[in-house]
Every structure is written in C-alpha cells, then in structure tokens.
Amino acid sequence: MIIHADMDAFFASVEIREQPALRGRPVVVGGRAESRGVIAAASYAARQYGIRSAMPTATALKRCPELVVLPGRMALYSEVSRHIQNIFARYTPLIEPLSLDEAFLDVNASTALFGSAQHIARDIKQAVLDELQLVVSIGVAPNKFVAKIASDVQKPDGFVVVEAADIQTFLDPLPVSRLWGVGKVTEKKLHTRQIHSIADLRHAPESFIRQHFGQYGEQLRQLARGYDPRAVITERDAKSISHETTFAQDINDVEVLRGALSSLTEQVAWRMRRQNVKGRTVQLKLRFDDFHTITRAHSLSAATHHTRDVWRTVLQLLNKEITSGLPPIRLIGMGVGGFDTNEPHEQLGLFDTPQTDDATPGIAHDKAGGIDKVTDDINRRFGNTLLLRARGLRRPRPASTR
C-alpha cells in the first residue's frame, strides 16, 4: 500500500503554531502586496474568502481586508519538514517527497514490523501532531494516484483508506476534475459531451474518448479505472528534483511570476543539498491559460546545488520568454536534473578568491557555496532563525517586455 501525506496549510499552520494568538484568524504566508507578492500558503480561515496559494497578495487583501500577511521563513519550514521526514523514515526508507510538505511512502515491506498500512498511517498522523503540533492529512491506497486523491477529499485533518476492492466505489462519484491533468478547459470539454463524473468517463466508449481526446483520453480512462503503475521513487534515486505551483488566477504580472519562481528555486536547491546531489540541467515549466505547456532547459558547465546558480539560470530562462511576450500563466514550475554522482566534493584552496556576483553560473569555487553552507548549518541548528537572501527583501528589477 501507498501512503500520501500532505500537511494542512503547511507554512500558515507553522506560523500559527508559533503565534497562537493568530488561531482562527485568516492568515497567509506570502510576499507583500506593494511588491506584487504572491500567497505561498493560506490558513483554512483565509480559504473561506476564496484565498488560495499562488494568488497575488493584492487580490487576497481585496477579498479579505483583515487578512494577516506574514513573510515566509524558509529556515523554519525546512527544519519542520526535516522533522516530518524523520517521522516518515521510522516506518520506511521508500519516501518520495513532492515538496517540503508532501510525500508518498511505500510501506509494503514495513507491515510485518509495524502493522497494517492503515495502522502505520495512524501512527504517523499522531506523531506529527504530538511532536510538531501540526496536522497532516493522509490517504492510503494501492497506488499513488488514488492515495493522493484520498488524502485530499476530507481535508483538513483528513484520513481516508481505500482498499483495492473499493477503488471504483471511491472514484466513480468524484468529478472528472479530480483526474490529474483535467483543468478548466478539459473539464468543460468533457462536460459538453455529458461526462461529469469519473464513472461517466469510465463507461464512455473507448472509440468516443479516442476520437475527442486522442492518446490523452486513454490516459484519463486508465486513471478513471484507478490504474497507476508508478513506483515510489526516493530522492536519492530520482533523476531530477522539481517543484511547481498552480495560480488561483491566471497571471501575466512578471514580478508575481518571479516571486513564485524564487520560492520554488529555494525549495528545490535546499532539497538537492539535503540529498547531497548536484545537477547540470535547470528546467523551467510554464502552463498558459489555454493549458498549452512549454518547458525550457539550460545545461550548466558544471553540476551545482547552489541556490544562486540555479536561480540565475532559471531566471534567464523566464526572461527569454518574457522578451517575446507572455500570455497569462496558469502554472509555473522549475527543476534540476542531470545529476552528477561523480562530481567531486568542493574544497576551497587556502588562497582561492571567491567569484563576484556576476560570475558564470555553475562555477564550483564561488561564495555561493559558502552562503548556502552557512545558511543550511544555521537552519539545522536553529530552525526558527530567520535567514533570508537579500533578493527576498527587495523588489527585482523588471525585465523588458518588448
């Protein structure tokens, strides 16, 4: 069985834990409205106003003027995430983190020692509450797709177990929008053909689905039947580490896109350093309002896991798209791949001179490594320390959109 664990409103929940007086109030973590910031996480009290992650902060404040907007503290969230991962690791080494607050766990080989998958999931949920005073929603199912849906259907504080024999009973009543890859455009297209639920899609003739949706339609049919053969892949075995976010409203504001991309980059680079891996290929992913998706990649001269190197490269990829005009963006993501397991450990010579901030990305002997090392060391020792790069405190210079 597979467990999908997803922390409830993670960043916001951590901040409320640190400041109990905020409990019950609409709280978000994100950038400032005057700097065209975006929401990174919203408490459930804030979500009652229609506020969601990746929404521009200015929009969120219009919906809820009494909204409490707090700056992000990645050091704190990273340390809490590390503790959560350690709880997972008590039960299985097969952990596939999707971000700081979400992961798949394969517990098939753990049941003889710890009891059933359901029992393990209960223990994990209780341990997170007891040790961190946080709530995690959990789904347990035979595969990743069903487990992920199961963790979400009863949020917040959800706990849903779907046995193999009950997969269709669980999936059939759900709307087709629950299927991976079905956004508003595809959902509307399905609705016009009288396909509203997963059961409707499952019972539709194969020829009908192929005619209207092609190969993508067959993928949807497989999901509608609860079929997902993907294995849980640990970060050490992964070929890339990536993270993405979907905006509550389509965005064409360059500063908002940069702010979201910067947060994603910080998380990906931190995960790489935690796993002691370096990559040569930096990738940008953009999904437009019509669901057309593009990816852009750049290969570095040397493998890296430094935040500064990765940020510069992915920002260059975004800026290239901006210069040719940018339609509204629904999703933005980034990742690093091309891991080099033979990359030598860095060691500065006694008289080596660090590169300036204008150095070419990918150079090993620069001060980016020192900054990251100091930051990570402090974060490990003092999880509640606020240590940010300067770019998180100032508004980036706008790129030309001509």
# chains A, B, ... in the order shown; residues from 1 in each chain; ligands from 1

call {"tool": "residues_around", "arguments": {"residues": "Asn108 of chain A", "least_positions_apart": "3", "cutoff": "9 Å", "atoms": "only C-alpha atoms", "output": "mmCIF file with C-alpha atoms, in the first residue's frame"}}
result
data_model
loop_
_atom_site.group_PDB
_atom_site.id
_atom_site.type_symbol
_atom_site.label_atom_id
_atom_site.label_comp_id
_atom_site.auth_asym_id
_atom_site.auth_seq_id
_atom_site.Cartn_x
_atom_site.Cartn_y
_atom_site.Cartn_z
ATOM 1 C CA MET A 1 0.000 0.000 0.000
ATOM 2 C CA ILE A 2 0.994 3.597 -0.638
ATOM 3 C CA THR A 92 10.038 3.056 5.616
ATOM 4 C CA THR A 111 3.738 -4.091 7.573
ATOM 5 C CA ALA A 112 5.314 -7.197 9.094
ATOM 6 C CA SER A 116 -1.045 -2.664 8.529
ATOM 7 C CA ALA A 117 -0.644 0.352 6.263
#

call {"tool": "select_by_dssp", "arguments": {"residues": "segment 110-173 of chain A", "states": "strand (DSSP E)", "output": "JSON, numbers by chain"}}
result
{"A": [136, 137, 138, 139, 140, 141, 159, 160, 161]}

call {"tool": "write_last_selection", "arguments": {"atoms": "N, CA and C atoms", "output": "CSV table (one decimal), in the first residue's frame"}}
result
chain,number,residue,atom,x,y,z
A,136,VAL,N,-1.6,16.6,9.6
A,136,VAL,CA,-1.3,16.1,8.3
A,136,VAL,C,-2.5,15.3,7.9
A,137,SER,N,-2.9,15.5,6.6
A,137,SER,CA,-4.0,14.7,6.0
A,137,SER,C,-3.4,13.6,5.3
A,138,ILE,N,-4.0,12.4,5.4
A,138,ILE,CA,-3.3,11.2,4.9
A,138,ILE,C,-4.3,10.4,4.1
A,139,GLY,N,-3.9,9.9,2.9
A,139,GLY,CA,-4.6,8.9,2.1
A,139,GLY,C,-3.8,7.6,2.0
A,140,VAL,N,-4.5,6.5,2.1
A,140,VAL,CA,-3.8,5.2,2.0
A,140,VAL,C,-4.6,4.4,0.9
A,141,ALA,N,-3.8,3.9,-0.1
A,141,ALA,CA,-4.4,3.2,-1.2
A,141,ALA,C,-3.4,2.3,-1.9
A,159,PHE,N,-8.3,11.6,6.8
A,159,PHE,CA,-7.7,10.3,6.9
A,159,PHE,C,-8.7,9.3,6.2
A,160,VAL,N,-8.2,8.9,5.0
A,160,VAL,CA,-9.1,8.1,4.1
A,160,VAL,C,-8.2,6.9,3.7
A,161,VAL,N,-8.8,5.7,3.8
A,161,VAL,CA,-8.2,4.4,3.4
A,161,VAL,C,-9.0,3.8,2.3

call {"tool": "atom_distance", "arguments": {"atom1": "atom CA of Ala58 of chain A", "atom2": "atom CA of Ala33 of chain A"}}
result
4.7 Å

call {"tool": "residues_around", "arguments": {"residues": "Ala238 of chain A", "least_positions_apart": "4", "cutoff": "9 Å", "atoms": "only C-alpha atoms", "output": "list of chain:residue names"}}
result
A:Glu96, A:Ile233, A:Thr234, A:Gly337, A:Phe339

call {"tool": "closest_atom_pairs", "arguments": {"of": "segment 234-300 of chain A", "to": "segment 313-336 of chain A", "cutoff": "8 Å", "atoms": "only C-alpha atoms", "output": "JSON lines"}}
result
{"residue": "A:Ser240", "atom": "CA", "partner": "A:Val336", "partner_atom": "CA", "distance": 5.5}
{"residue": "A:Ile241", "atom": "CA", "partner": "A:Gly335", "partner_atom": "CA", "distance": 5.5}
{"residue": "A:Ser242", "atom": "CA", "partner": "A:Gly335", "partner_atom": "CA", "distance": 3.7}
{"residue": "A:His243", "atom": "CA", "partner": "A:Gly333", "partner_atom": "CA", "distance": 5.7}
{"residue": "A:Glu244", "atom": "CA", "partner": "A:Gly333", "partner_atom": "CA", "distance": 3.7}
{"residue": "A:Thr245", "atom": "CA", "partner": "A:Ile332", "partner_atom": "CA", "distance": 5.7}
{"residue": "A:Thr246", "atom": "CA", "partner": "A:Leu331", "partner_atom": "CA", "distance": 4.3}
{"residue": "A:Phe247", "atom": "CA", "partner": "A:Arg330", "partner_atom": "CA", "distance": 5.5}
{"residue": "A:Ala248", "atom": "CA", "partner": "A:Arg330", "partner_atom": "CA", "distance": 7.9}
{"residue": "A:Gln249", "atom": "CA", "partner": "A:Arg330", "partner_atom": "CA", "distance": 7.0}
{"residue": "A:Asp250", "atom": "CA", "partner": "A:Arg330", "partner_atom": "CA", "distance": 4.7}
{"residue": "A:Ile251", "atom": "CA", "partner": "A:Ile329", "partner_atom": "CA", "distance": 4.9}
{"residue": "A:Asn252", "atom": "CA", "partner": "A:Pro328", "partner_atom": "CA", "distance": 4.5}
{"residue": "A:Val254", "atom": "CA", "partner": "A:Ile322", "partner_atom": "CA", "distance": 7.8}
{"residue": "A:Leu257", "atom": "CA", "partner": "A:Ile332", "partner_atom": "CA", "distance": 7.6}
{"residue": "A:Arg258", "atom": "CA", "partner": "A:Leu315", "partner_atom": "CA", "distance": 7.6}
{"residue": "A:Ala260", "atom": "CA", "partner": "A:Ile332", "partner_atom": "CA", "distance": 7.8}
{"residue": "A:Leu261", "atom": "CA", "partner": "A:Gly333", "partner_atom": "CA", "distance": 7.1}
{"residue": "A:Leu264", "atom": "CA", "partner": "A:Met334", "partner_atom": "CA", "distance": 6.9}
{"residue": "A:Thr265", "atom": "CA", "partner": "A:Met334", "partner_atom": "CA", "distance": 7.0}
{"residue": "A:Val268", "atom": "CA", "partner": "A:Gly335", "partner_atom": "CA", "distance": 6.8}
{"residue": "A:Gly279", "atom": "CA", "partner": "A:Val336", "partner_atom": "CA", "distance": 5.8}
{"residue": "A:Arg280", "atom": "CA", "partner": "A:Val336", "partner_atom": "CA", "distance": 7.2}
{"residue": "A:Thr281", "atom": "CA", "partner": "A:Val336", "partner_atom": "CA", "distance": 5.5}
{"residue": "A:Val282", "atom": "CA", "partner": "A:Val336", "partner_atom": "CA", "distance": 4.6}
{"residue": "A:Gln283", "atom": "CA", "partner": "A:Gly335", "partner_atom": "CA", "distance": 5.2}
{"residue": "A:Leu284", "atom": "CA", "partner": "A:Met334", "partner_atom": "CA", "distance": 4.5}
{"residue": "A:Lys285", "atom": "CA", "partner": "A:Gly333", "partner_atom": "CA", "distance": 4.8}
{"residue": "A:Leu286", "atom": "CA", "partner": "A:Ile332", "partner_atom": "CA", "distance": 4.8}
{"residue": "A:Arg287", "atom": "CA", "partner": "A:Leu331", "partner_atom": "CA", "distance": 4.9}
{"residue": "A:Phe288", "atom": "CA", "partner": "A:Ile329", "partner_atom": "CA", "distance": 4.4}
{"residue": "A:Asp289", "atom": "CA", "partner": "A:Arg330", "partner_atom": "CA", "distance": 5.3}
{"residue": "A:Phe291", "atom": "CA", "partner": "A:Arg330", "partner_atom": "CA", "distance": 7.5}
{"residue": "A:Arg296", "atom": "CA", "partner": "A:Leu317", "partner_atom": "CA", "distance": 6.7}
{"residue": "A:Ala297", "atom": "CA", "partner": "A:Leu317", "partner_atom": "CA", "distance": 7.3}
{"residue": "A:His298", "atom": "CA", "partner": "A:Thr313", "partner_atom": "CA", "distance": 7.3}

call {"tool": "write_last_selection", "arguments": {"atoms": "N, CA and C atoms", "output": "mmCIF file, in the first residue's frame"}}
result
data_model
loop_
_atom_site.group_PDB
_atom_site.id
_atom_site.type_symbol
_atom_site.label_atom_id
_atom_site.label_comp_id
_atom_site.auth_asym_id
_atom_site.auth_seq_id
_atom_site.Cartn_x
_atom_site.Cartn_y
_atom_site.Cartn_z
ATOM 1 N N SER A 240 15.619 13.746 -11.217
ATOM 2 C CA SER A 240 15.510 15.197 -11.112
ATOM 3 C C SER A 240 14.733 15.529 -9.852
ATOM 4 N N ILE A 241 14.860 16.770 -9.416
ATOM 5 C CA ILE A 241 14.082 17.297 -8.300
ATOM 6 C C ILE A 241 13.388 18.548 -8.809
ATOM 7 N N SER A 242 12.081 18.609 -8.632
ATOM 8 C CA SER A 242 11.340 19.743 -9.183
ATOM 9 C C SER A 242 10.219 20.135 -8.241
ATOM 10 N N HIS A 243 9.669 21.300 -8.494
ATOM 11 C CA HIS A 243 8.535 21.790 -7.729
ATOM 12 C C HIS A 243 7.778 22.759 -8.620
ATOM 13 N N GLU A 244 6.452 22.817 -8.468
ATOM 14 C CA GLU A 244 5.644 23.711 -9.291
ATOM 15 C C GLU A 244 4.464 24.210 -8.481
ATOM 16 N N THR A 245 3.837 25.270 -8.958
ATOM 17 C CA THR A 245 2.664 25.816 -8.290
ATOM 18 C C THR A 245 1.665 26.275 -9.328
ATOM 19 N N THR A 246 0.381 26.057 -9.031
ATOM 20 C CA THR A 246 -0.704 26.486 -9.907
ATOM 21 C C THR A 246 -1.352 27.717 -9.298
ATOM 22 N N PHE A 247 -1.494 28.765 -10.081
ATOM 23 C CA PHE A 247 -2.070 30.011 -9.595
ATOM 24 C C PHE A 247 -3.586 29.899 -9.485
ATOM 25 N N ALA A 248 -4.149 30.559 -8.454
ATOM 26 C CA ALA A 248 -5.600 30.577 -8.300
ATOM 27 C C ALA A 248 -6.248 31.332 -9.452
ATOM 28 N N GLN A 249 -5.541 32.349 -9.966
ATOM 29 C CA GLN A 249 -5.977 33.097 -11.136
ATOM 30 C C GLN A 249 -4.801 33.195 -12.089
ATOM 31 N N ASP A 250 -5.084 33.156 -13.382
ATOM 32 C CA ASP A 250 -4.012 33.247 -14.365
ATOM 33 C C ASP A 250 -3.239 34.551 -14.184
ATOM 34 N N ILE A 251 -1.913 34.457 -14.315
ATOM 35 C CA ILE A 251 -1.024 35.578 -14.004
ATOM 36 C C ILE A 251 -0.218 35.980 -15.245
ATOM 37 N N ASN A 252 -0.147 37.287 -15.512
ATOM 38 C CA ASN A 252 0.790 37.786 -16.522
ATOM 39 C C ASN A 252 1.642 38.915 -15.966
ATOM 40 N N VAL A 254 4.878 40.014 -14.393
ATOM 41 C CA VAL A 254 6.224 39.444 -14.360
ATOM 42 C C VAL A 254 6.768 39.355 -12.941
ATOM 43 N N LEU A 257 5.348 36.400 -11.128
ATOM 44 C CA LEU A 257 5.958 35.168 -11.618
ATOM 45 C C LEU A 257 7.350 34.978 -11.039
ATOM 46 N N ARG A 258 8.125 36.058 -10.996
ATOM 47 C CA ARG A 258 9.480 35.957 -10.426
ATOM 48 C C ARG A 258 9.433 35.595 -8.955
ATOM 49 N N ALA A 260 7.134 33.883 -7.340
ATOM 50 C CA ALA A 260 6.777 32.470 -7.207
ATOM 51 C C ALA A 260 7.947 31.584 -7.595
ATOM 52 N N LEU A 261 8.641 31.949 -8.664
ATOM 53 C CA LEU A 261 9.764 31.149 -9.138
ATOM 54 C C LEU A 261 10.916 31.140 -8.133
ATOM 55 N N LEU A 264 10.122 28.624 -5.387
ATOM 56 C CA LEU A 264 10.303 27.258 -5.876
ATOM 57 C C LEU A 264 11.779 26.894 -5.938
ATOM 58 N N THR A 265 12.598 27.840 -6.395
ATOM 59 C CA THR A 265 14.034 27.600 -6.523
ATOM 60 C C THR A 265 14.678 27.345 -5.166
ATOM 61 N N VAL A 268 13.763 23.739 -4.131
ATOM 62 C CA VAL A 268 14.439 22.700 -4.913
ATOM 63 C C VAL A 268 15.920 22.627 -4.543
ATOM 64 N N GLY A 279 23.170 18.957 -9.923
ATOM 65 C CA GLY A 279 22.639 18.756 -11.264
ATOM 66 C C GLY A 279 23.219 19.736 -12.263
ATOM 67 N N ARG A 280 23.189 19.324 -13.533
ATOM 68 C CA ARG A 280 23.706 20.160 -14.605
ATOM 69 C C ARG A 280 22.604 20.827 -15.431
ATOM 70 N N THR A 281 21.381 20.306 -15.368
ATOM 71 C CA THR A 281 20.317 20.799 -16.232
ATOM 72 C C THR A 281 19.233 21.478 -15.403
ATOM 73 N N VAL A 282 19.028 22.760 -15.670
ATOM 74 C CA VAL A 282 17.993 23.540 -14.996
ATOM 75 C C VAL A 282 16.825 23.706 -15.960
ATOM 76 N N GLN A 283 15.616 23.442 -15.478
ATOM 77 C CA GLN A 283 14.441 23.439 -16.349
ATOM 78 C C GLN A 283 13.360 24.365 -15.810
ATOM 79 N N LEU A 284 12.705 25.057 -16.728
ATOM 80 C CA LEU A 284 11.559 25.921 -16.419
ATOM 81 C C LEU A 284 10.319 25.340 -17.082
ATOM 82 N N LYS A 285 9.200 25.356 -16.373
ATOM 83 C CA LYS A 285 7.933 24.863 -16.921
ATOM 84 C C LYS A 285 6.884 25.960 -16.799
ATOM 85 N N LEU A 286 6.189 26.236 -17.890
ATOM 86 C CA LEU A 286 5.112 27.215 -17.898
ATOM 87 C C LEU A 286 3.867 26.588 -18.525
ATOM 88 N N ARG A 287 2.741 26.765 -17.859
ATOM 89 C CA ARG A 287 1.465 26.334 -18.443
ATOM 90 C C ARG A 287 0.577 27.571 -18.587
ATOM 91 N N PHE A 288 0.112 27.805 -19.811
ATOM 92 C CA PHE A 288 -0.628 29.025 -20.107
ATOM 93 C C PHE A 288 -2.115 28.848 -19.821
ATOM 94 N N ASP A 289 -2.872 29.933 -19.992
ATOM 95 C CA ASP A 289 -4.289 29.912 -19.668
ATOM 96 C C ASP A 289 -5.083 28.950 -20.544
ATOM 97 N N PHE A 291 -3.916 26.037 -21.316
ATOM 98 C CA PHE A 291 -3.344 24.753 -20.907
ATOM 99 C C PHE A 291 -2.230 24.270 -21.831
ATOM 100 N N ARG A 296 11.508 24.736 -20.868
ATOM 101 C CA ARG A 296 12.768 25.272 -21.367
ATOM 102 C C ARG A 296 13.880 24.801 -20.440
ATOM 103 N N ALA A 297 15.016 24.472 -20.995
ATOM 104 C CA ALA A 297 16.109 23.938 -20.178
ATOM 105 C C ALA A 297 17.438 24.545 -20.592
ATOM 106 N N HIS A 298 18.354 24.580 -19.647
ATOM 107 C CA HIS A 298 19.713 25.044 -19.928
ATOM 108 C C HIS A 298 20.683 24.156 -19.158
#

call {"tool": "atom_distance", "arguments": {"atom1": "atom CA of Arg32 of chain A", "atom2": "atom CA of Val69 of chain A"}}
result
7.6 Å

call {"tool": "closest_residue", "arguments": {"among": "A:Thr59, A:Ser177, A:Gln85, A:Ser263", "to": "Arg36 of chain A", "atoms": "only C-alpha atoms"}}
result
A:Thr59

call {"tool": "select_by_dssp", "arguments": {"residues": "segment 84-207 of chain A", "states": "helix (DSSP H, G or I)", "output": "CSV table (one decimal) with C-alpha atoms, in the first residue's frame"}}
result
chain,number,residue,atom,x,y,z
A,84,ILE,CA,8.4,15.3,9.4
A,85,GLN,CA,10.7,13.3,7.0
A,86,ASN,CA,12.4,11.8,10.0
A,87,ILE,CA,9.0,10.6,11.3
A,88,PHE,CA,8.3,9.0,7.9
A,89,ALA,CA,11.7,7.3,7.9
A,111,THR,CA,3.7,-4.1,7.6
A,112,ALA,CA,5.3,-7.2,9.1
A,113,LEU,CA,7.2,-5.0,11.5
A,114,PHE,CA,4.8,-2.1,12.2
A,117,ALA,CA,-0.6,0.4,6.3
A,118,GLN,CA,-3.7,1.9,8.0
A,119,HIS,CA,-2.0,1.4,11.4
A,120,ILE,CA,1.2,2.9,10.2
A,121,ALA,CA,-0.6,5.9,8.7
A,122,ARG,CA,-2.4,6.5,12.0
A,123,ASP,CA,0.9,6.3,13.9
A,124,ILE,CA,2.4,8.9,11.5
A,125,LYS,CA,-0.5,11.2,11.9
A,126,GLN,CA,-0.4,11.1,15.6
A,127,ALA,CA,3.4,11.5,15.8
A,128,VAL,CA,3.2,14.7,13.6
A,129,LEU,CA,0.5,16.1,16.0
A,130,ASP,CA,2.3,15.1,19.2
A,131,GLU,CA,5.8,16.1,18.2
A,132,LEU,CA,5.1,19.2,16.0
A,144,LYS,CA,-0.1,6.9,-5.8
A,145,PHE,CA,-3.0,8.4,-7.8
A,146,VAL,CA,-5.7,7.0,-5.6
A,147,ALA,CA,-3.7,7.8,-2.4
A,148,LYS,CA,-3.2,11.4,-3.4
A,149,ILE,CA,-7.0,11.9,-4.0
A,150,ALA,CA,-7.8,10.1,-0.8
A,151,SER,CA,-5.6,12.5,1.2
A,152,ASP,CA,-7.5,15.5,-0.2
A,164,ALA,CA,-8.1,-2.4,-3.7
A,165,ALA,CA,-11.6,-3.8,-3.9
A,166,ASP,CA,-13.1,-0.4,-3.2
A,167,ILE,CA,-11.2,1.7,-5.7
A,168,GLN,CA,-14.1,2.1,-8.2
A,169,THR,CA,-16.6,2.7,-5.5
A,170,PHE,CA,-14.4,5.5,-4.2
A,171,LEU,CA,-13.5,7.1,-7.6
A,176,VAL,CA,-13.7,14.4,-13.6
A,177,SER,CA,-11.8,17.5,-12.4
A,178,ARG,CA,-10.2,15.1,-9.8
A,184,LYS,CA,-11.0,24.0,-16.6
A,185,VAL,CA,-10.6,23.7,-20.3
A,186,THR,CA,-10.6,19.9,-20.4
A,187,GLU,CA,-13.4,19.8,-17.8
A,188,LYS,CA,-15.6,22.0,-19.9
A,189,LYS,CA,-14.8,19.9,-23.0
A,190,LEU,CA,-15.8,16.7,-21.1
A,191,HIS,CA,-19.0,18.4,-19.7
A,192,THR,CA,-20.1,19.3,-23.2
A,198,ILE,CA,-15.2,9.7,-13.2
A,199,ALA,CA,-17.9,7.0,-13.7
A,200,ASP,CA,-19.1,8.8,-16.8
A,201,LEU,CA,-15.6,8.7,-18.2
A,202,ARG,CA,-15.0,5.1,-17.3
A,203,HIS,CA,-18.2,4.0,-19.0
A,206,GLU,CA,-13.2,3.8,-26.0
A,207,SER,CA,-13.7,4.9,-29.6

call {"tool": "closest_residue", "arguments": {"among": "A:Glu79, A:Asp101, A:Glu18, A:Glu66", "to": "Ala46 of chain A", "atoms": "only C-alpha atoms"}}
result
A:Glu66

call {"tool": "atom_distance", "arguments": {"atom1": "atom CA of Leu179 of chain A", "atom2": "atom CA of Val153 of chain A"}}
result
12.8 Å

call {"tool": "residues_around", "arguments": {"residues": "Val27 of chain A", "least_positions_apart": "4", "cutoff": "7 Å", "atoms": "only C-alpha atoms", "output": "list of chain:residue names"}}
result
A:Ala12, A:Ala42, A:Ser43, A:Ala46, A:Leu67, A:Val68, A:Val69
